[in-house]
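S.K.: One file is attached below, data.pdb, containing PDB, C-alpha atoms and all ligand atoms.
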```
ATOM      1  CA  MET M   6     150.794 195.512 109.574  1.00  0.00           C
ATOM      2  CA  GLU M   7     147.048 195.279 110.148  1.00  0.00           C
ATOM      3  CA  ILE M   8     145.050 192.109 109.486  1.00  0.00           C
ATOM      4  CA  TYR M   9     141.742 192.210 107.625  1.00  0.00           C
ATOM      5  CA  LEU M  10     139.521 189.222 106.899  1.00  0.00           C
ATOM      6  CA  ASP M  11     138.717 188.548 103.228  1.00  0.00           C
ATOM      7  CA  THR M  12     135.207 187.103 103.471  1.00  0.00           C
ATOM      8  CA  ALA M  13     131.521 187.906 103.666  1.00  0.00           C
ATOM      9  CA  ASN M  14     130.834 184.958 105.957  1.00  0.00           C
ATOM     10  CA  LEU M  15     129.479 186.216 109.275  1.00  0.00           C
ATOM     11  CA  ALA M  16     130.460 183.103 111.254  1.00  0.00           C
ATOM     12  CA  GLU M  17     134.092 183.455 110.118  1.00  0.00           C
ATOM     13  CA  ILE M  18     134.077 187.174 110.907  1.00  0.00           C
ATOM     14  CA  ARG M  19     132.601 186.584 114.393  1.00  0.00           C
ATOM     15  CA  GLU M  20     135.226 183.909 115.111  1.00  0.00           C
ATOM     16  CA  ALA M  21     138.250 185.938 113.910  1.00  0.00           C
ATOM     17  CA  ALA M  22     136.934 189.081 115.624  1.00  0.00           C
ATOM     18  CA  SER M  23     136.799 187.147 118.907  1.00  0.00           C
ATOM     19  CA  TRP M  24     140.564 186.489 118.588  1.00  0.00           C
ATOM     20  CA  GLY M  25     141.098 190.267 118.838  1.00  0.00           C
ATOM     21  CA  ILE M  26     143.142 190.518 115.644  1.00  0.00           C
ATOM     22  CA  LEU M  27     140.811 192.113 113.115  1.00  0.00           C
ATOM     23  CA  SER M  28     141.200 195.711 111.929  1.00  0.00           C
ATOM     24  CA  GLY M  29     138.803 195.469 108.963  1.00  0.00           C
ATOM     25  CA  VAL M  30     137.067 193.252 106.413  1.00  0.00           C
ATOM     26  CA  THR M  31     137.166 193.092 102.612  1.00  0.00           C
ATOM     27  CA  THR M  32     134.343 191.684 100.512  1.00  0.00           C
ATOM     28  CA  ASN M  33     133.912 191.376  96.760  1.00  0.00           C
ATOM     29  CA  PRO M  34     131.025 190.238  94.536  1.00  0.00           C
ATOM     30  CA  THR M  35     132.344 186.645  94.467  1.00  0.00           C
ATOM     31  CA  LEU M  36     132.535 186.466  98.275  1.00  0.00           C
ATOM     32  CA  ILE M  37     129.039 187.971  98.597  1.00  0.00           C
ATOM     33  CA  ALA M  38     127.678 185.435  96.055  1.00  0.00           C
ATOM     34  CA  ARG M  39     129.085 182.601  98.208  1.00  0.00           C
ATOM     35  CA  GLU M  40     126.642 183.610 100.960  1.00  0.00           C
ATOM     36  CA  HIS M  41     123.758 182.047  98.988  1.00  0.00           C
ATOM     37  CA  GLY M  42     121.476 184.932  98.127  1.00  0.00           C
ATOM     38  CA  ALA M  43     121.845 186.806 101.409  1.00  0.00           C
ATOM     39  CA  ASP M  44     120.929 190.487 101.116  1.00  0.00           C
ATOM     40  CA  PHE M  45     123.987 192.647 100.285  1.00  0.00           C
ATOM     41  CA  LYS M  46     122.985 195.591 102.470  1.00  0.00           C
ATOM     42  CA  ALA M  47     122.126 193.312 105.397  1.00  0.00           C
ATOM     43  CA  ILE M  48     125.512 191.501 105.179  1.00  0.00           C
ATOM     44  CA  ILE M  49     127.582 194.685 104.899  1.00  0.00           C
ATOM     45  CA  THR M  50     125.705 196.403 107.718  1.00  0.00           C
ATOM     46  CA  GLU M  51     126.084 193.400 110.001  1.00  0.00           C
ATOM     47  CA  ILE M  52     129.830 193.108 109.255  1.00  0.00           C
ATOM     48  CA  ALA M  53     130.203 196.822 109.989  1.00  0.00           C
ATOM     49  CA  GLU M  54     128.530 196.260 113.370  1.00  0.00           C
ATOM     50  CA  LEU M  55     130.815 193.300 114.169  1.00  0.00           C
ATOM     51  CA  VAL M  56     134.150 194.894 113.212  1.00  0.00           C
ATOM     52  CA  ASP M  57     134.956 198.506 114.027  1.00  0.00           C
ATOM     53  CA  GLY M  58     137.238 199.229 111.075  1.00  0.00           C
ATOM     54  CA  PRO M  59     137.056 199.737 107.315  1.00  0.00           C
ATOM     55  CA  ILE M  60     134.595 197.324 105.663  1.00  0.00           C
ATOM     56  CA  SER M  61     135.021 197.222 101.880  1.00  0.00           C
ATOM     57  CA  ALA M  62     131.853 197.008  99.766  1.00  0.00           C
ATOM     58  CA  GLU M  63     132.500 196.714  96.030  1.00  0.00           C
ATOM     59  CA  THR M  64     130.700 198.612  93.267  1.00  0.00           C
ATOM     60  CA  ILE M  65     129.375 196.801  90.184  1.00  0.00           C
ATOM     61  CA  SER M  66     129.085 199.685  87.689  1.00  0.00           C
ATOM     62  CA  LEU M  67     131.760 200.114  85.035  1.00  0.00           C
ATOM     63  CA  ASP M  68     131.323 203.896  84.703  1.00  0.00           C
ATOM     64  CA  ALA M  69     132.326 206.512  87.270  1.00  0.00           C
ATOM     65  CA  GLU M  70     128.820 207.910  87.573  1.00  0.00           C
ATOM     66  CA  GLY M  71     127.428 204.490  88.522  1.00  0.00           C
ATOM     67  CA  MET M  72     130.311 203.776  90.913  1.00  0.00           C
ATOM     68  CA  VAL M  73     129.721 207.101  92.666  1.00  0.00           C
ATOM     69  CA  ARG M  74     125.978 206.451  92.874  1.00  0.00           C
ATOM     70  CA  GLU M  75     126.555 202.995  94.388  1.00  0.00           C
ATOM     71  CA  GLY M  76     129.347 204.310  96.616  1.00  0.00           C
ATOM     72  CA  LEU M  77     127.171 207.065  98.063  1.00  0.00           C
ATOM     73  CA  GLU M  78     124.465 204.517  98.815  1.00  0.00           C
ATOM     74  CA  TYR M  79     126.781 201.919 100.442  1.00  0.00           C
ATOM     75  CA  ALA M  80     128.556 204.574 102.510  1.00  0.00           C
ATOM     76  CA  SER M  81     125.187 205.726 103.879  1.00  0.00           C
ATOM     77  CA  TRP M  82     124.621 202.261 105.420  1.00  0.00           C
ATOM     78  CA  HIS M  83     127.331 202.569 108.112  1.00  0.00           C
ATOM     79  CA  SER M  84     130.265 204.864 108.906  1.00  0.00           C
ATOM     80  CA  ASN M  85     132.690 201.890 108.717  1.00  0.00           C
ATOM     81  CA  VAL M  86     131.818 201.167 105.070  1.00  0.00           C
ATOM     82  CA  ILE M  87     134.430 202.079 102.463  1.00  0.00           C
ATOM     83  CA  ILE M  88     133.938 201.742  98.720  1.00  0.00           C
ATOM     84  CA  LYS M  89     135.814 199.340  96.483  1.00  0.00           C
ATOM     85  CA  VAL M  90     136.275 200.413  92.880  1.00  0.00           C
ATOM     86  CA  PRO M  91     138.419 198.769  90.178  1.00  0.00           C
ATOM     87  CA  SER M  92     141.809 200.004  88.932  1.00  0.00           C
ATOM     88  CA  THR M  93     140.424 201.644  85.780  1.00  0.00           C
ATOM     89  CA  THR M  94     140.284 205.245  84.588  1.00  0.00           C
ATOM     90  CA  GLU M  95     136.574 205.281  85.521  1.00  0.00           C
ATOM     91  CA  GLY M  96     137.587 203.963  88.935  1.00  0.00           C
ATOM     92  CA  LEU M  97     140.044 206.860  89.348  1.00  0.00           C
ATOM     93  CA  ARG M  98     137.303 209.370  88.509  1.00  0.00           C
ATOM     94  CA  ALA M  99     134.987 207.725  91.023  1.00  0.00           C
ATOM     95  CA  VAL M 100     137.660 207.760  93.762  1.00  0.00           C
ATOM     96  CA  ASN M 101     138.233 211.436  93.172  1.00  0.00           C
ATOM     97  CA  GLN M 102     134.535 212.282  93.339  1.00  0.00           C
ATOM     98  CA  LEU M 103     133.840 210.064  96.345  1.00  0.00           C
ATOM     99  CA  ALA M 104     136.849 211.562  98.172  1.00  0.00           C
ATOM    100  CA  TRP M 105     135.288 214.976  97.555  1.00  0.00           C
ATOM    101  CA  HIS M 106     132.214 213.679  99.435  1.00  0.00           C
ATOM    102  CA  GLY M 107     134.503 212.525 102.266  1.00  0.00           C
ATOM    103  CA  ILE M 108     134.068 208.841 101.349  1.00  0.00           C
ATOM    104  CA  ARG M 109     137.087 206.509 101.541  1.00  0.00           C
ATOM    105  CA  CYS M 110     137.880 204.189  98.621  1.00  0.00           C
ATOM    106  CA  ASN M 111     139.745 200.914  98.265  1.00  0.00           C
ATOM    107  CA  VAL M 112     141.083 200.657  94.700  1.00  0.00           C
ATOM    108  CA  THR M 113     141.023 196.965  93.906  1.00  0.00           C
ATOM    109  CA  LEU M 114     142.330 194.625  91.188  1.00  0.00           C
ATOM    110  CA  CYS M 115     145.703 196.412  91.114  1.00  0.00           C
ATOM    111  CA  PHE M 116     148.299 194.536  89.057  1.00  0.00           C
ATOM    112  CA  ASN M 117     151.032 197.110  88.444  1.00  0.00           C
ATOM    113  CA  ALA M 118     152.785 199.911  90.310  1.00  0.00           C
ATOM    114  CA  VAL M 119     151.595 202.675  87.968  1.00  0.00           C
ATOM    115  CA  GLN M 120     147.983 201.774  88.733  1.00  0.00           C
ATOM    116  CA  ALA M 121     148.917 202.144  92.414  1.00  0.00           C
ATOM    117  CA  LEU M 122     150.591 205.516  91.878  1.00  0.00           C
ATOM    118  CA  LEU M 123     147.608 206.908  89.951  1.00  0.00           C
ATOM    119  CA  ALA M 124     145.124 205.537  92.506  1.00  0.00           C
ATOM    120  CA  ALA M 125     147.043 207.348  95.257  1.00  0.00           C
ATOM    121  CA  ARG M 126     147.078 210.556  93.200  1.00  0.00           C
ATOM    122  CA  ALA M 127     143.298 210.272  92.724  1.00  0.00           C
ATOM    123  CA  GLY M 128     142.869 210.116  96.509  1.00  0.00           C
ATOM    124  CA  ALA M 129     142.537 206.393  97.262  1.00  0.00           C
ATOM    125  CA  PHE M 130     142.453 205.472 100.955  1.00  0.00           C
ATOM    126  CA  ILE M 131     143.635 201.928 100.161  1.00  0.00           C
ATOM    127  CA  ILE M 132     145.287 200.286  97.148  1.00  0.00           C
ATOM    128  CA  SER M 133     144.835 196.517  96.764  1.00  0.00           C
ATOM    129  CA  PRO M 134     147.563 194.714  94.781  1.00  0.00           C
ATOM    130  CA  PHE M 135     146.497 191.079  94.188  1.00  0.00           C
ATOM    131  CA  VAL M 136     149.588 189.139  95.229  1.00  0.00           C
ATOM    132  CA  GLY M 137     148.269 185.597  94.682  1.00  0.00           C
ATOM    133  CA  ARG M 138     146.816 186.306  91.259  1.00  0.00           C
ATOM    134  CA  VAL M 139     150.141 187.864  90.153  1.00  0.00           C
ATOM    135  CA  ASP M 140     151.937 184.739  91.439  1.00  0.00           C
ATOM    136  CA  ASP M 141     149.539 182.665  89.315  1.00  0.00           C
ATOM    137  CA  THR M 142     150.913 184.350  86.168  1.00  0.00           C
ATOM    138  CA  GLY M 143     154.434 183.203  87.049  1.00  0.00           C
ATOM    139  CA  VAL M 144     155.527 186.645  88.266  1.00  0.00           C
ATOM    140  CA  ASP M 145     156.540 187.396  91.876  1.00  0.00           C
ATOM    141  CA  GLY M 146     153.464 189.069  93.417  1.00  0.00           C
ATOM    142  CA  MET M 147     155.374 190.286  96.440  1.00  0.00           C
ATOM    143  CA  ALA M 148     157.721 192.284  94.183  1.00  0.00           C
ATOM    144  CA  LEU M 149     154.684 194.419  93.314  1.00  0.00           C
ATOM    145  CA  ILE M 150     154.127 195.233  96.999  1.00  0.00           C
ATOM    146  CA  ARG M 151     157.814 196.188  97.317  1.00  0.00           C
ATOM    147  CA  GLU M 152     157.638 198.463  94.264  1.00  0.00           C
ATOM    148  CA  ILE M 153     154.503 200.242  95.465  1.00  0.00           C
ATOM    149  CA  ALA M 154     155.953 200.638  98.970  1.00  0.00           C
ATOM    150  CA  GLY M 155     159.109 202.155  97.450  1.00  0.00           C
ATOM    151  CA  ILE M 156     157.104 204.617  95.353  1.00  0.00           C
ATOM    152  CA  TYR M 157     154.744 205.630  98.167  1.00  0.00           C
ATOM    153  CA  ARG M 158     157.568 206.011 100.725  1.00  0.00           C
ATOM    154  CA  GLN M 159     159.445 208.587  98.696  1.00  0.00           C
ATOM    155  CA  ASP M 160     156.334 210.751  98.094  1.00  0.00           C
ATOM    156  CA  ARG M 161     155.334 212.545 101.274  1.00  0.00           C
ATOM    157  CA  GLU M 162     151.960 213.590  99.885  1.00  0.00           C
ATOM    158  CA  ILE M 163     150.824 209.980  99.536  1.00  0.00           C
ATOM    159  CA  THR M 164     148.930 208.593 102.531  1.00  0.00           C
ATOM    160  CA  THR M 165     147.282 205.697 100.671  1.00  0.00           C
ATOM    161  CA  LYS M 166     147.594 202.384 102.549  1.00  0.00           C
ATOM    162  CA  ILE M 167     148.940 199.312 100.778  1.00  0.00           C
ATOM    163  CA  LEU M 168     146.691 196.291 101.279  1.00  0.00           C
ATOM    164  CA  ALA M 169     148.142 192.949 100.201  1.00  0.00           C
ATOM    165  CA  ALA M 170     145.170 191.094  98.658  1.00  0.00           C
ATOM    166  CA  SER M 171     144.712 187.635  97.171  1.00  0.00           C
ATOM    167  CA  ILE M 172     146.670 186.095 100.044  1.00  0.00           C
ATOM    168  CA  ARG M 173     146.917 182.331  99.571  1.00  0.00           C
ATOM    169  CA  HIS M 174     149.014 180.982 102.466  1.00  0.00           C
ATOM    170  CA  PRO M 175     150.555 182.050 105.800  1.00  0.00           C
ATOM    171  CA  ARG M 176     153.968 182.784 104.226  1.00  0.00           C
ATOM    172  CA  HIS M 177     152.296 185.479 102.087  1.00  0.00           C
ATOM    173  CA  ILE M 178     151.341 187.290 105.332  1.00  0.00           C
ATOM    174  CA  VAL M 179     154.943 187.333 106.566  1.00  0.00           C
ATOM    175  CA  GLU M 180     156.305 188.421 103.200  1.00  0.00           C
ATOM    176  CA  ALA M 181     153.681 191.172 102.838  1.00  0.00           C
ATOM    177  CA  ALA M 182     154.673 192.620 106.216  1.00  0.00           C
ATOM    178  CA  LEU M 183     158.362 192.516 105.281  1.00  0.00           C
ATOM    179  CA  ALA M 184     157.659 194.020 101.834  1.00  0.00           C
ATOM    180  CA  GLY M 185     156.033 197.107 103.384  1.00  0.00           C
ATOM    181  CA  ALA M 186     152.294 196.386 103.215  1.00  0.00           C
ATOM    182  CA  ASP M 187     150.167 198.284 105.744  1.00  0.00           C
ATOM    183  CA  ILE M 188     147.415 195.647 105.687  1.00  0.00           C
ATOM    184  CA  ALA M 189     147.029 192.020 104.617  1.00  0.00           C
ATOM    185  CA  THR M 190     143.513 190.765 103.915  1.00  0.00           C
ATOM    186  CA  CYS M 191     143.373 187.044 104.568  1.00  0.00           C
ATOM    187  CA  PRO M 192     140.914 184.238 103.939  1.00  0.00           C
ATOM    188  CA  PHE M 193     139.785 182.706 107.254  1.00  0.00           C
ATOM    189  CA  LYS M 194     141.399 179.362 106.335  1.00  0.00           C
ATOM    190  CA  VAL M 195     144.817 181.039 105.966  1.00  0.00           C
ATOM    191  CA  LEU M 196     144.550 182.599 109.434  1.00  0.00           C
ATOM    192  CA  GLN M 197     143.661 179.203 110.905  1.00  0.00           C
ATOM    193  CA  GLN M 198     146.622 177.607 109.085  1.00  0.00           C
ATOM    194  CA  ALA M 199     148.904 180.382 110.337  1.00  0.00           C
ATOM    195  CA  MET M 200     148.150 179.578 113.971  1.00  0.00           C
ATOM    196  CA  ARG M 201     148.667 175.842 113.596  1.00  0.00           C
ATOM    197  CA  HIS M 202     152.086 174.363 114.302  1.00  0.00           C
ATOM    198  CA  PRO M 203     152.884 170.734 115.164  1.00  0.00           C
ATOM    199  CA  LEU M 204     155.528 171.819 117.678  1.00  0.00           C
ATOM    200  CA  THR M 205     152.942 173.999 119.462  1.00  0.00           C
ATOM    201  CA  ASP M 206     150.588 170.977 119.681  1.00  0.00           C
ATOM    202  CA  ARG M 207     153.392 168.672 120.792  1.00  0.00           C
ATOM    203  CA  GLY M 208     154.536 171.223 123.376  1.00  0.00           C
ATOM    204  CA  ILE M 209     151.009 171.516 124.824  1.00  0.00           C
ATOM    205  CA  GLU M 210     150.691 167.702 125.007  1.00  0.00           C
ATOM    206  CA  GLN M 211     154.044 167.418 126.762  1.00  0.00           C
ATOM    207  CA  PHE M 212     153.251 170.193 129.260  1.00  0.00           C
ATOM    208  CA  LEU M 213     149.877 168.608 130.079  1.00  0.00           C
ATOM    209  CA  ALA M 214     151.415 165.136 130.477  1.00  0.00           C
ATOM    210  CA  ASP M 215     154.129 166.520 132.779  1.00  0.00           C
ATOM    211  CA  TRP M 216     151.533 168.470 134.774  1.00  0.00           C
ATOM    212  CA  LYS M 217     149.404 165.314 135.284  1.00  0.00           C
ATOM    213  CA  SER M 218     152.409 163.223 136.309  1.00  0.00           C
ATOM    214  CA  ARG M 219     153.314 165.919 138.842  1.00  0.00           C
ATOM    215  CA  SER M 220     149.813 165.857 140.461  1.00  0.00           C
ATOM    216  CA  ALA M 221     149.912 162.007 140.499  1.00  0.00           C
ATOM    217  CA  SER M 222     153.242 161.882 142.336  1.00  0.00           C
TER     218      SER M 222
HETATM  219  C1  LIG M 301     140.617 191.613  98.074  1.00  0.00           C
HETATM  220  O1  LIG M 301     140.037 192.555  98.577  1.00  0.00           O
HETATM  221  C2  LIG M 301     139.960 190.544  97.310  1.00  0.00           C
HETATM  222  O2  LIG M 301     138.667 190.340  97.814  1.00  0.00           O
HETATM  223  C3  LIG M 301     140.663 189.216  97.425  1.00  0.00           C
HETATM  224  O3  LIG M 301     141.866 189.291  98.142  1.00  0.00           O
HETATM  225  C4  LIG M 301     140.726 188.445  96.147  1.00  0.00           C
HETATM  226  O4  LIG M 301     141.461 187.265  96.336  1.00  0.00           O
HETATM  227  P1  LIG M 301     141.390 185.980  95.392  1.00  0.00           P
HETATM  228  O5  LIG M 301     142.435 186.133  94.344  1.00  0.00           O
HETATM  229  O6  LIG M 301     141.693 184.846  96.317  1.00  0.00           O
HETATM  230  O7  LIG M 301     139.997 185.938  94.836  1.00  0.00           O
END
```
Rewrite the coordinates I just gave you, this time as structure tokens.
M.R.:
Amino acid sequence: MEIYLDTANLAEIREAASWGILSGVTTNPTLIAREHGADFKAIITEIAELVDGPISAETISLDAEGMVREGLEYASWHSNVIIKVPSTTEGLRAVNQLAWHGIRCNVTLCFNAVQALLAARAGAFIISPFVGRVDDTGVDGMALIREIAGIYRQDREITTKILAASIRHPRHIVEAALAGADIATCPFKVLQQAMRHPLTDRGIEQFLADWKSRSAS
């Protein structure tokens, strides 16, 4: 399973990219807004220079025509840019038209398996089920990943990748991989949490103490 970073923060992207683990980045209007008025095109282009993989830039229009217009513009900024459109019928139309132009789409805000099936049929490159937000409704978000994986696996024509989105904690990453996700997009904080373990810290301390005592003797 590939790891993407779910942020528009360049410092976080630079740091995670330096760990050698990043295969792509997802942004959304909320994440862009957190960067305090920074220019959208400038952020997306810089991310696309930092990470050589799919960089999702989300459309704002609600109609297919607008999504396609925005998608064509964003895709012209850098070859790594892919276009995020919502799981709506207008989104499906936009995916289909953008695919015709050779532009890859990430169909976002997916909350049921039929949305995922139709997105794949329309030609989506990525489908993004929102695991954490499904969990918030009291339903098992990971079950949605399992359902989509089951549907996609038994249809040889489907090449759409399953991206587990709305990841809230390190356990979500493990469960997404086991459930059949191709990608998990993670907030930077979750990746930091994932690499922290008290036994790792204690082990390092012990090794260093033993090493020092050895040089002293
Ligand atoms: C995915 O591409 C979205 O940007 C993201 O995972 C949304 O997560 P949230 O529910 O934490 O906002």
S.K.: Show me which residues are within 9 Å of ligand LIG 301 (chain M) counting all atoms listed in the file, and format the list as a PyMOL selection string.
M.R.: chain M and resi 10-12+30-36+61+63+89+111+113-114+133-139+168-173+189-192
S.K.: What does the structure give for the distance between atom CA of M:Ile48 and atom CA of M:Ile18, in Å to one decimal?
M.R.: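 Here the two named atoms are 11.2 Å from each other.
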S.K.: From the set M:His106, M:Ile8, M:Ile49, M:Gly96, which residue has the shortest atom-to-atom contact distance to M:Ile178, counting only C-alpha atoms?
M.R.: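 With only C-alpha atoms as the atom set, the closest residue is M:Ile8.
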S.K.: List the residues matched by the PyMOL selection byres (((chain M and resi 163) around 12) and not hetatm) in the displayed structure as a list of chain:residue names, ordered by chain and then by residue number.
M.R.: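 Written out, the selection comes to M:Ala121, M:Leu122, M:Leu123, M:Ala124, M:Ala125, M:Arg126, M:Ala127, M:Gly128, M:Ala129, M:Phe130, M:Ile131, M:Ile132, M:Ile153, M:Ala154, M:Gly155, M:Ile156, M:Tyr157, M:Arg158, M:Gln159, M:Asp160, M:Arg161, M:Glu162, M:Thr164, M:Thr165, M:Lys166, M:Ile167.
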S.K.: Go ahead and compute the interatomic distance for atom CA of M:Val56 and atom CA of M:Ala99, in Å to one decimal.
M.R.: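 Going from atom CA of M:Val56 over to atom CA of M:Ala99 covers 25.6 Å.
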S.K.: List the spatial neighbours of M:Trp82 as an MDAnalysis selection string - criterion: any atom at most 12 Å away, all atoms listed in the file, same-chain residues fewer than 2 positions off excluded.
M.R.: chainID M and resid 45:54 60 62 75:80 84:88
S.K.: Pull the neighbourhood of (151.5, 192.5, 104.9) for me: all residues within 8 Å in file coordinates, counting all atoms listed in the file, as a list of chain:residue names.
M.R.: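 Protein and nucleic acid residues near the point are M:Met6, M:Glu7, M:Ile8, M:Leu168, M:Ala169, M:His177, M:Ile178, M:Val179, M:Glu180, M:Ala181, M:Ala182, M:Leu183, M:Ala184, M:Gly185, M:Ala186, M:Asp187, M:Ile188, M:Ala189.
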S.K.: Return the single residue from M:Ala69, M:Ala22, M:Val195, M:Leu55 that is closest to M:His83, with distances computed using all atoms listed in the file.
M.R.: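 For M:His83, the nearest of the given residues is M:Leu55.
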S.K.: Exactly which residues make up the result of the PyMOL selection byres (((chain M and resi 24) around 12) and not hetatm) on this file, given as number ranges by chain?
M.R.: M: 8, 17-23, 25-28, 56, 193, 196-197, 200
S.K.: What is the distance, in Å and to one decimal place, between atom CA of M:Pro59 and atom CA of M:Gly29?
M.R.: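 Straight-line distance from atom CA of M:Pro59 to atom CA of M:Gly29 works out to 4.9 Å.
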S.K.: Hey, which of M:Asp215, M:Arg176, M:Ile150, M:Asp44 ends up closest to M:Ala199? Count only C-alpha atoms.
M.R.: M:Arg176
S.K.: May I ask you to restore N, CA and C atoms in stretch 46-58 of chain M and write the result as a short mmCIF file (atom, residue, chain, number, x, y, z; two decimals), in the frame of the given file?
M.R.:
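Once written, rebuild-v7.cif looks like this:
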```cif
data_model
loop_
_atom_site.label_atom_id
_atom_site.label_comp_id
_atom_site.auth_asym_id
_atom_site.auth_seq_id
_atom_site.Cartn_x
_atom_site.Cartn_y
_atom_site.Cartn_z
N LYS M 46 123.01 194.52 101.45
CA LYS M 46 122.98 195.59 102.47
C LYS M 46 122.99 194.99 103.88
N ALA M 47 122.20 193.94 104.06
CA ALA M 47 122.13 193.31 105.40
C ALA M 47 123.48 192.74 105.80
N ILE M 48 124.19 192.08 104.85
CA ILE M 48 125.51 191.50 105.18
C ILE M 48 126.50 192.61 105.54
N ILE M 49 126.59 193.63 104.68
CA ILE M 49 127.58 194.68 104.90
C ILE M 49 127.31 195.42 106.22
N THR M 50 126.04 195.68 106.49
CA THR M 50 125.70 196.40 107.72
C THR M 50 126.05 195.55 108.94
N GLU M 51 125.78 194.26 108.85
CA GLU M 51 126.08 193.40 110.00
C GLU M 51 127.60 193.29 110.22
N ILE M 52 128.37 193.17 109.12
CA ILE M 52 129.83 193.11 109.26
C ILE M 52 130.33 194.41 109.90
N ALA M 53 129.77 195.52 109.46
CA ALA M 53 130.20 196.82 109.99
C ALA M 53 129.87 196.97 111.47
N GLU M 54 128.86 196.25 111.94
CA GLU M 54 128.53 196.26 113.37
C GLU M 54 129.49 195.36 114.15
N LEU M 55 129.94 194.27 113.48
CA LEU M 55 130.82 193.30 114.17
C LEU M 55 132.25 193.78 114.28
N VAL M 56 132.74 194.49 113.24
CA VAL M 56 134.15 194.89 113.21
C VAL M 56 134.23 196.42 113.07
N ASP M 57 134.86 197.04 114.05
CA ASP M 57 134.96 198.51 114.03
C ASP M 57 136.22 198.93 113.28
N GLY M 58 136.13 198.85 111.95
CA GLY M 58 137.24 199.23 111.08
C GLY M 58 136.69 199.31 109.67
#
```
